[in-house]
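The file my_file22.cif contains mmCIF, C-alpha atoms and all ligand atoms; chains and numbers go by the auth columns:
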```cif
data_run
#
loop_
_atom_site.group_PDB
_atom_site.id
_atom_site.type_symbol
_atom_site.label_atom_id
_atom_site.label_comp_id
_atom_site.label_asym_id
_atom_site.label_seq_id
_atom_site.Cartn_x
_atom_site.Cartn_y
_atom_site.Cartn_z
_atom_site.B_iso_or_equiv
_atom_site.auth_seq_id
_atom_site.auth_asym_id
ATOM 1 C CA MET A 1 -102.101 -103.942 5.362 0.00 21 A
ATOM 2 C CA VAL A 2 -104.992 -102.177 6.947 0.00 22 A
ATOM 3 C CA THR A 3 -104.182 -100.070 9.946 0.00 23 A
ATOM 4 C CA GLU A 4 -106.490 -98.255 12.270 0.00 24 A
ATOM 5 C CA ARG A 5 -105.261 -94.957 10.935 0.00 25 A
ATOM 6 C CA ASN A 6 -106.908 -95.110 7.567 0.00 26 A
ATOM 7 C CA LEU A 7 -110.239 -95.673 6.009 0.00 27 A
ATOM 8 C CA SER A 8 -110.247 -97.831 2.926 0.00 28 A
ATOM 9 C CA CYS A 9 -112.510 -98.302 -0.006 0.00 29 A
ATOM 10 C CA ILE A 10 -114.028 -101.697 -0.809 0.00 30 A
ATOM 11 C CA CYS A 11 -111.512 -101.901 -3.682 0.00 31 A
ATOM 12 C CA GLY A 12 -108.620 -101.728 -1.209 0.00 32 A
ATOM 13 C CA ALA A 13 -107.542 -98.168 -1.915 0.00 33 A
ATOM 14 C CA THR A 14 -106.552 -96.110 1.096 0.00 34 A
ATOM 15 C CA VAL A 15 -108.948 -93.248 1.528 0.00 35 A
ATOM 16 C CA ASP A 16 -107.775 -89.993 3.014 0.00 36 A
ATOM 17 C CA VAL A 17 -108.293 -86.374 2.191 0.00 37 A
ATOM 18 C CA SER A 18 -105.154 -86.151 0.056 0.00 38 A
ATOM 19 C CA SER A 19 -105.982 -89.186 -2.091 0.00 39 A
ATOM 20 C CA LEU A 20 -109.701 -88.601 -2.543 0.00 40 A
ATOM 21 C CA ILE A 21 -111.002 -86.959 -5.686 0.00 41 A
ATOM 22 C CA ILE A 22 -113.552 -84.244 -5.033 0.00 42 A
ATOM 23 C CA GLU A 23 -115.489 -83.333 -8.168 0.00 43 A
ATOM 24 C CA ARG A 24 -117.815 -80.417 -8.520 0.00 44 A
ATOM 25 C CA ILE A 25 -121.138 -81.597 -9.963 0.00 45 A
ATOM 26 C CA GLY A 26 -123.197 -78.444 -9.805 0.00 46 A
ATOM 27 C CA GLU A 27 -123.580 -75.148 -7.987 0.00 47 A
ATOM 28 C CA GLU A 28 -124.023 -76.718 -4.595 0.00 48 A
ATOM 29 C CA TYR A 29 -122.800 -80.269 -4.902 0.00 49 A
ATOM 30 C CA TYR A 30 -119.541 -82.124 -4.905 0.00 50 A
ATOM 31 C CA LYS A 31 -119.001 -85.798 -5.484 0.00 51 A
ATOM 32 C CA ILE A 32 -116.422 -87.730 -3.465 0.00 52 A
ATOM 33 C CA VAL A 33 -114.712 -90.290 -5.655 0.00 53 A
ATOM 34 C CA CYS A 34 -112.396 -93.190 -4.836 0.00 54 A
ATOM 35 C CA PRO A 35 -108.758 -92.574 -5.809 0.00 55 A
ATOM 36 C CA SER A 36 -108.555 -95.882 -7.694 0.00 56 A
ATOM 37 C CA PRO A 37 -109.596 -95.744 -11.368 0.00 57 A
ATOM 38 C CA LYS A 38 -110.456 -99.450 -11.216 0.00 58 A
ATOM 39 C CA CYS A 39 -112.819 -99.144 -8.284 0.00 59 A
ATOM 40 C CA PRO A 40 -116.218 -100.829 -8.729 0.00 60 A
ATOM 41 C CA LEU A 41 -117.878 -98.445 -6.281 0.00 61 A
ATOM 42 C CA ARG A 42 -116.331 -95.142 -7.477 0.00 62 A
ATOM 43 C CA GLU A 43 -118.650 -92.811 -5.617 0.00 63 A
ATOM 44 C CA LEU A 44 -117.952 -92.722 -1.915 0.00 64 A
ATOM 45 C CA GLY A 45 -120.284 -89.894 -1.101 0.00 65 A
ATOM 46 C CA PHE A 46 -121.619 -86.441 -1.771 0.00 66 A
ATOM 47 C CA VAL A 47 -121.179 -83.003 -0.326 0.00 67 A
ATOM 48 C CA LYS A 48 -123.889 -80.373 -0.281 0.00 68 A
ATOM 49 C CA VAL A 49 -122.899 -76.769 0.271 0.00 69 A
ATOM 50 C CA ILE A 50 -125.453 -75.248 2.611 0.00 70 A
ATOM 51 C CA CYS A 51 -124.744 -71.527 2.683 0.00 71 A
ATOM 52 C CA HIS A 52 -122.518 -69.514 0.400 0.00 72 A
ATOM 53 C CA SER A 53 -121.435 -66.494 2.450 0.00 73 A
ATOM 54 C CA ASN A 54 -120.294 -68.676 5.321 0.00 74 A
ATOM 55 C CA PRO A 55 -120.293 -72.104 3.764 0.00 75 A
ATOM 56 C CA LYS A 56 -121.220 -75.216 5.675 0.00 76 A
ATOM 57 C CA PHE A 57 -120.671 -78.582 4.137 0.00 77 A
ATOM 58 C CA GLU A 58 -123.014 -81.458 4.637 0.00 78 A
ATOM 59 C CA VAL A 59 -121.167 -84.619 3.727 0.00 79 A
ATOM 60 C CA LYS A 60 -122.935 -87.908 3.122 0.00 80 A
ATOM 61 C CA LEU A 61 -120.828 -90.985 2.751 0.00 81 A
ATOM 62 C CA SER A 62 -121.937 -94.121 0.998 0.00 82 A
ATOM 63 C CA ARG A 63 -123.500 -96.675 3.336 0.00 83 A
ATOM 64 C CA MET A 64 -121.451 -99.432 1.748 0.00 84 A
ATOM 65 C CA PHE A 65 -118.245 -97.503 2.326 0.00 85 A
ATOM 66 C CA LYS A 66 -119.051 -96.984 5.993 0.00 86 A
ATOM 67 C CA ASP A 67 -120.219 -100.548 6.602 0.00 87 A
ATOM 68 C CA TRP A 68 -117.055 -101.851 4.995 0.00 88 A
ATOM 69 C CA ASN A 69 -114.849 -99.791 7.286 0.00 89 A
ATOM 70 C CA VAL A 70 -116.821 -100.817 10.359 0.00 90 A
ATOM 71 C CA LEU A 71 -115.964 -104.403 9.426 0.00 91 A
ATOM 72 C CA LEU A 72 -112.292 -103.536 8.973 0.00 92 A
ATOM 73 C CA VAL A 73 -111.540 -101.331 11.954 0.00 93 A
ATOM 74 C CA GLY A 74 -114.595 -101.607 14.200 0.00 94 A
ATOM 75 C CA ARG A 75 -117.445 -99.204 14.843 0.00 95 A
ATOM 76 C CA GLU A 76 -115.595 -96.901 17.210 0.00 96 A
ATOM 77 C CA SER A 77 -112.493 -96.389 15.063 0.00 97 A
ATOM 78 C CA CYS A 78 -114.594 -96.083 11.945 0.00 98 A
ATOM 79 C CA ASP A 79 -116.740 -93.347 13.482 0.00 99 A
ATOM 80 C CA ARG A 80 -113.654 -91.461 14.572 0.00 100 A
ATOM 81 C CA LEU A 81 -111.920 -91.817 11.208 0.00 101 A
ATOM 82 C CA VAL A 82 -115.061 -90.765 9.354 0.00 102 A
ATOM 83 C CA ARG A 83 -115.431 -87.711 11.608 0.00 103 A
ATOM 84 C CA ASP A 84 -111.819 -86.709 10.942 0.00 104 A
ATOM 85 C CA LEU A 85 -112.229 -87.241 7.225 0.00 105 A
ATOM 86 C CA LEU A 86 -115.379 -85.114 7.083 0.00 106 A
ATOM 87 C CA LYS A 87 -113.623 -82.331 8.971 0.00 107 A
ATOM 88 C CA GLN A 88 -110.705 -82.445 6.552 0.00 108 A
ATOM 89 C CA ILE A 89 -112.984 -82.491 3.512 0.00 109 A
ATOM 90 C CA SER A 90 -114.750 -79.360 4.807 0.00 110 A
ATOM 91 C CA LEU A 91 -111.414 -77.621 5.351 0.00 111 A
ATOM 92 C CA LYS A 92 -110.296 -78.563 1.864 0.00 112 A
ATOM 93 C CA LEU A 93 -113.527 -77.332 0.262 0.00 113 A
ATOM 94 C CA ARG A 94 -113.183 -73.991 2.008 0.00 114 A
ATOM 95 C CA LYS A 95 -110.036 -73.385 0.003 0.00 115 A
ATOM 96 C CA PHE A 96 -111.677 -74.101 -3.364 0.00 116 A
HETATM 97 ZN ZN ZN B . -112.430 -97.793 -4.414 0.00 201 B
#
```

Can the structure from this file be put into structure tokens for me?
Ligand SMILES: [Zn+2]
Amino acid sequence: MVTERNLSCICGATVDVSSLIIERIGEEYYKIVCPSPKCPLRELGFVKVICHSNPKFEVKLSRMFKDWNVLLVGRESCDRLVRDLLKQISLKLRKF
């Protein structure tokens, strides 16, 4: 069941900050990966760390991932859920 409260991946996995895998792929980059090992998409987005002393995180989510969620929950809910997710990802990265 898809509810308005969650984003989901095209594979059906529920995507939230606790289920997502965030992998470091270099000094300034992180990769956001779908929680499902069987996912055909796998990469849901990237994070670029802008400044190190007071880090800012620029998160880019996959177009396919966003389009998919617009279809599922509508543009307005999707935008809100994406905004919340990005905020939570930034908070999580701050603790790394
Ligand atoms: Zn997936």

Q: Throw together the list of residues within 12 Å of ligand ZN 201 (chain B), counting all atoms listed in the file, and drop it here as a ChimeraX atom specification.
A: /A:27-36,39-41,52-65,82,84-85,88

Residues in the PyMOL selection byres (((chain A and resi 90) around 12) and not hetatm), expressed as a PDB file with C-alpha atoms, keeping the file's coordinate frame:
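Okay, this is what ended up in expr-v9.pdb:
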```pdb
ATOM      1  CA  GLU A  24    -106.490 -98.255  12.270  1.00  0.00           C
ATOM      2  CA  ASN A  26    -106.908 -95.110   7.567  1.00  0.00           C
ATOM      3  CA  LEU A  27    -110.239 -95.673   6.009  1.00  0.00           C
ATOM      4  CA  SER A  28    -110.247 -97.831   2.926  1.00  0.00           C
ATOM      5  CA  CYS A  29    -112.510 -98.302  -0.006  1.00  0.00           C
ATOM      6  CA  ILE A  30    -114.028-101.697  -0.809  1.00  0.00           C
ATOM      7  CA  ARG A  83    -123.500 -96.675   3.336  1.00  0.00           C
ATOM      8  CA  MET A  84    -121.451 -99.432   1.748  1.00  0.00           C
ATOM      9  CA  PHE A  85    -118.245 -97.503   2.326  1.00  0.00           C
ATOM     10  CA  LYS A  86    -119.051 -96.984   5.993  1.00  0.00           C
ATOM     11  CA  ASP A  87    -120.219-100.548   6.602  1.00  0.00           C
ATOM     12  CA  TRP A  88    -117.055-101.851   4.995  1.00  0.00           C
ATOM     13  CA  ASN A  89    -114.849 -99.791   7.286  1.00  0.00           C
ATOM     14  CA  LEU A  91    -115.964-104.403   9.426  1.00  0.00           C
ATOM     15  CA  LEU A  92    -112.292-103.536   8.973  1.00  0.00           C
ATOM     16  CA  VAL A  93    -111.540-101.331  11.954  1.00  0.00           C
ATOM     17  CA  GLY A  94    -114.595-101.607  14.200  1.00  0.00           C
ATOM     18  CA  ARG A  95    -117.445 -99.204  14.843  1.00  0.00           C
ATOM     19  CA  GLU A  96    -115.595 -96.901  17.210  1.00  0.00           C
ATOM     20  CA  SER A  97    -112.493 -96.389  15.063  1.00  0.00           C
ATOM     21  CA  CYS A  98    -114.594 -96.083  11.945  1.00  0.00           C
ATOM     22  CA  ASP A  99    -116.740 -93.347  13.482  1.00  0.00           C
ATOM     23  CA  ARG A 100    -113.654 -91.461  14.572  1.00  0.00           C
ATOM     24  CA  LEU A 101    -111.920 -91.817  11.208  1.00  0.00           C
ATOM     25  CA  VAL A 102    -115.061 -90.765   9.354  1.00  0.00           C
TER      26      VAL A 102
END
```

Quick one: which residues end up in the PyMOL selection byres (((chain A and resi 109) around 10) and not hetatm) for this structure, as a PDB file with C-alpha atoms, in the coordinates of the input?
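What ended up in out21.pdb:
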```pdb
ATOM      1  CA  ASP A  36    -107.775 -89.993   3.014  1.00  0.00           C
ATOM      2  CA  VAL A  37    -108.293 -86.374   2.191  1.00  0.00           C
ATOM      3  CA  SER A  38    -105.154 -86.151   0.056  1.00  0.00           C
ATOM      4  CA  LEU A  40    -109.701 -88.601  -2.543  1.00  0.00           C
ATOM      5  CA  ILE A  42    -113.552 -84.244  -5.033  1.00  0.00           C
ATOM      6  CA  ILE A  52    -116.422 -87.730  -3.465  1.00  0.00           C
ATOM      7  CA  VAL A  67    -121.179 -83.003  -0.326  1.00  0.00           C
ATOM      8  CA  PHE A  77    -120.671 -78.582   4.137  1.00  0.00           C
ATOM      9  CA  VAL A  79    -121.167 -84.619   3.727  1.00  0.00           C
ATOM     10  CA  ARG A 103    -115.431 -87.711  11.608  1.00  0.00           C
ATOM     11  CA  ASP A 104    -111.819 -86.709  10.942  1.00  0.00           C
ATOM     12  CA  LEU A 105    -112.229 -87.241   7.225  1.00  0.00           C
ATOM     13  CA  LEU A 106    -115.379 -85.114   7.083  1.00  0.00           C
ATOM     14  CA  LYS A 107    -113.623 -82.331   8.971  1.00  0.00           C
ATOM     15  CA  GLN A 108    -110.705 -82.445   6.552  1.00  0.00           C
ATOM     16  CA  SER A 110    -114.750 -79.360   4.807  1.00  0.00           C
ATOM     17  CA  LEU A 111    -111.414 -77.621   5.351  1.00  0.00           C
ATOM     18  CA  LYS A 112    -110.296 -78.563   1.864  1.00  0.00           C
ATOM     19  CA  LEU A 113    -113.527 -77.332   0.262  1.00  0.00           C
ATOM     20  CA  ARG A 114    -113.183 -73.991   2.008  1.00  0.00           C
TER      21      ARG A 114
END
```

Padding of 8 Å on every side, edges along x, y and z, all listed atoms of range 101-109 of chain A included: what centre and edge lengths in Å, to one decimal, does that box have, as JSON?
```
{"center_x": -113.1, "center_y": -87.1, "center_z": 7.6, "size_x": 20.7, "size_y": 25.5, "size_z": 24.1}
```

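Separating CA of Phe66 in chain A from CA of Tyr50 in chain A is a distance of 5.7 Å.
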
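Reported to one decimal place, the separation of CA of Glu48 in chain A from CA of Val69 in chain A is 5.0 Å.
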
Q. What separation in Å, quoted to one decimal, exists between CA of Leu81 in chain A and CA of Phe116 in chain A?
A.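 Between CA of Leu81 in chain A and CA of Phe116 in chain A the gap works out to 20.2 Å.
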
(Q) Taking only C-alpha atoms into account, name the residue in A:Lys80, A:Ser73, A:Lys68, A:Lys115 that is nearest to Ile45 in chain A. (A)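 Closest to Ile45 in chain A, using only C-alpha atoms: A:Lys68.
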
Block slice range 76-115 of chain A, N, CA and C atoms, emitted as an mmCIF file, in the first residue's frame:
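decode-v2.cif, written as the output of this step:
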```cif
data_model
loop_
_atom_site.group_PDB
_atom_site.id
_atom_site.type_symbol
_atom_site.label_atom_id
_atom_site.label_comp_id
_atom_site.auth_asym_id
_atom_site.auth_seq_id
_atom_site.Cartn_x
_atom_site.Cartn_y
_atom_site.Cartn_z
ATOM 1 N N LYS A 76 27.338 22.376 3.742
ATOM 2 C CA LYS A 76 26.024 22.447 3.112
ATOM 3 C C LYS A 76 25.944 21.272 2.154
ATOM 4 N N PHE A 77 24.756 20.720 2.056
ATOM 5 C CA PHE A 77 24.623 19.535 1.226
ATOM 6 C C PHE A 77 23.671 19.813 0.077
ATOM 7 N N GLU A 78 24.198 19.613 -1.114
ATOM 8 C CA GLU A 78 23.372 19.797 -2.292
ATOM 9 C C GLU A 78 22.947 18.411 -2.760
ATOM 10 N N VAL A 79 21.658 18.135 -2.636
ATOM 11 C CA VAL A 79 21.179 16.801 -2.959
ATOM 12 C C VAL A 79 20.463 16.819 -4.302
ATOM 13 N N LYS A 80 20.834 15.909 -5.170
ATOM 14 C CA LYS A 80 20.148 15.768 -6.450
ATOM 15 C C LYS A 80 19.528 14.386 -6.509
ATOM 16 N N LEU A 81 18.214 14.375 -6.699
ATOM 17 C CA LEU A 81 17.556 13.083 -6.785
ATOM 18 C C LEU A 81 17.315 12.718 -8.240
ATOM 19 N N SER A 82 17.340 11.448 -8.495
ATOM 20 C CA SER A 82 17.106 10.935 -9.838
ATOM 21 C C SER A 82 15.752 11.415 -10.379
ATOM 22 N N ARG A 83 15.770 11.851 -11.622
ATOM 23 C CA ARG A 83 14.558 12.324 -12.290
ATOM 24 C C ARG A 83 13.482 11.242 -12.312
ATOM 25 N N MET A 84 13.934 10.020 -12.558
ATOM 26 C CA MET A 84 12.986 8.900 -12.648
ATOM 27 C C MET A 84 12.303 8.667 -11.295
ATOM 28 N N PHE A 85 13.099 8.767 -10.250
ATOM 29 C CA PHE A 85 12.580 8.596 -8.896
ATOM 30 C C PHE A 85 11.523 9.662 -8.584
ATOM 31 N N LYS A 86 11.806 10.888 -8.945
ATOM 32 C CA LYS A 86 10.857 11.964 -8.667
ATOM 33 C C LYS A 86 9.586 11.826 -9.508
ATOM 34 N N ASP A 87 9.782 11.574 -10.801
ATOM 35 C CA ASP A 87 8.620 11.419 -11.689
ATOM 36 C C ASP A 87 7.702 10.301 -11.208
ATOM 37 N N TRP A 88 8.299 9.227 -10.772
ATOM 38 C CA TRP A 88 7.558 8.071 -10.289
ATOM 39 C C TRP A 88 6.689 8.453 -9.092
ATOM 40 N N ASN A 89 7.269 9.214 -8.175
ATOM 41 C CA ASN A 89 6.523 9.601 -6.980
ATOM 42 C C ASN A 89 5.460 10.653 -7.259
ATOM 43 N N VAL A 90 5.690 11.475 -8.272
ATOM 44 C CA VAL A 90 4.651 12.419 -8.693
ATOM 45 C C VAL A 90 3.432 11.622 -9.176
ATOM 46 N N LEU A 91 3.692 10.561 -9.918
ATOM 47 C CA LEU A 91 2.593 9.708 -10.390
ATOM 48 C C LEU A 91 1.842 9.072 -9.222
ATOM 49 N N LEU A 92 2.593 8.652 -8.207
ATOM 50 C CA LEU A 92 1.983 7.933 -7.086
ATOM 51 C C LEU A 92 1.210 8.842 -6.137
ATOM 52 N N VAL A 93 1.797 9.949 -5.772
ATOM 53 C CA VAL A 93 1.175 10.763 -4.708
ATOM 54 C C VAL A 93 0.767 12.160 -5.170
ATOM 55 N N GLY A 94 1.091 12.497 -6.424
ATOM 56 C CA GLY A 94 0.758 13.833 -6.910
ATOM 57 C C GLY A 94 1.921 14.793 -6.700
ATOM 58 N N ARG A 95 1.926 15.831 -7.533
ATOM 59 C CA ARG A 95 3.033 16.792 -7.526
ATOM 60 C C ARG A 95 3.241 17.455 -6.164
ATOM 61 N N GLU A 96 2.143 17.895 -5.566
ATOM 62 C CA GLU A 96 2.249 18.661 -4.330
ATOM 63 C C GLU A 96 2.819 17.821 -3.186
ATOM 64 N N SER A 97 2.248 16.633 -2.985
ATOM 65 C CA SER A 97 2.737 15.746 -1.930
ATOM 66 C C SER A 97 4.163 15.321 -2.195
ATOM 67 N N CYS A 98 4.447 15.026 -3.452
ATOM 68 C CA CYS A 98 5.798 14.596 -3.811
ATOM 69 C C CYS A 98 6.811 15.680 -3.472
ATOM 70 N N ASP A 99 6.514 16.917 -3.852
ATOM 71 C CA ASP A 99 7.428 18.021 -3.547
ATOM 72 C C ASP A 99 7.664 18.143 -2.050
ATOM 73 N N ARG A 100 6.588 18.011 -1.284
ATOM 74 C CA ARG A 100 6.710 18.139 0.159
ATOM 75 C C ARG A 100 7.534 16.996 0.747
ATOM 76 N N LEU A 101 7.246 15.776 0.289
ATOM 77 C CA LEU A 101 7.972 14.610 0.790
ATOM 78 C C LEU A 101 9.450 14.670 0.419
ATOM 79 N N VAL A 102 9.716 15.130 -0.803
ATOM 80 C CA VAL A 102 11.110 15.249 -1.248
ATOM 81 C C VAL A 102 11.833 16.295 -0.392
ATOM 82 N N ARG A 103 11.155 17.427 -0.153
ATOM 83 C CA ARG A 103 11.771 18.469 0.686
ATOM 84 C C ARG A 103 12.109 17.939 2.076
ATOM 85 N N ASP A 104 11.172 17.221 2.678
ATOM 86 C CA ASP A 104 11.412 16.624 3.996
ATOM 87 C C ASP A 104 12.576 15.646 3.957
ATOM 88 N N LEU A 105 12.584 14.816 2.922
ATOM 89 C CA LEU A 105 13.644 13.816 2.813
ATOM 90 C C LEU A 105 15.015 14.492 2.698
ATOM 91 N N LEU A 106 15.098 15.524 1.873
ATOM 92 C CA LEU A 106 16.371 16.216 1.682
ATOM 93 C C LEU A 106 16.848 16.846 2.991
ATOM 94 N N LYS A 107 15.901 17.401 3.744
ATOM 95 C CA LYS A 107 16.246 17.987 5.035
ATOM 96 C C LYS A 107 16.814 16.917 5.967
ATOM 97 N N GLN A 108 16.143 15.766 5.989
ATOM 98 C CA GLN A 108 16.579 14.683 6.865
ATOM 99 C C GLN A 108 17.921 14.099 6.436
ATOM 100 N N ILE A 109 18.139 14.026 5.135
ATOM 101 C CA ILE A 109 19.432 13.523 4.640
ATOM 102 C C ILE A 109 20.547 14.469 5.087
ATOM 103 N N SER A 110 20.315 15.776 4.976
ATOM 104 C CA SER A 110 21.323 16.753 5.406
ATOM 105 C C SER A 110 21.623 16.613 6.889
ATOM 106 N N LEU A 111 20.569 16.444 7.695
ATOM 107 C CA LEU A 111 20.765 16.275 9.135
ATOM 108 C C LEU A 111 21.580 15.029 9.436
ATOM 109 N N LYS A 112 21.271 13.957 8.706
ATOM 110 C CA LYS A 112 21.973 12.699 8.909
ATOM 111 C C LYS A 112 23.449 12.836 8.535
ATOM 112 N N LEU A 113 23.715 13.501 7.421
ATOM 113 C CA LEU A 113 25.100 13.651 6.950
ATOM 114 C C LEU A 113 25.926 14.502 7.920
ATOM 115 N N ARG A 114 25.298 15.439 8.568
ATOM 116 C CA ARG A 114 25.992 16.265 9.539
ATOM 117 C C ARG A 114 26.594 15.449 10.668
ATOM 118 N N LYS A 115 25.959 14.319 10.946
ATOM 119 C CA LYS A 115 26.430 13.475 12.052
ATOM 120 C C LYS A 115 27.512 12.490 11.617
#
```
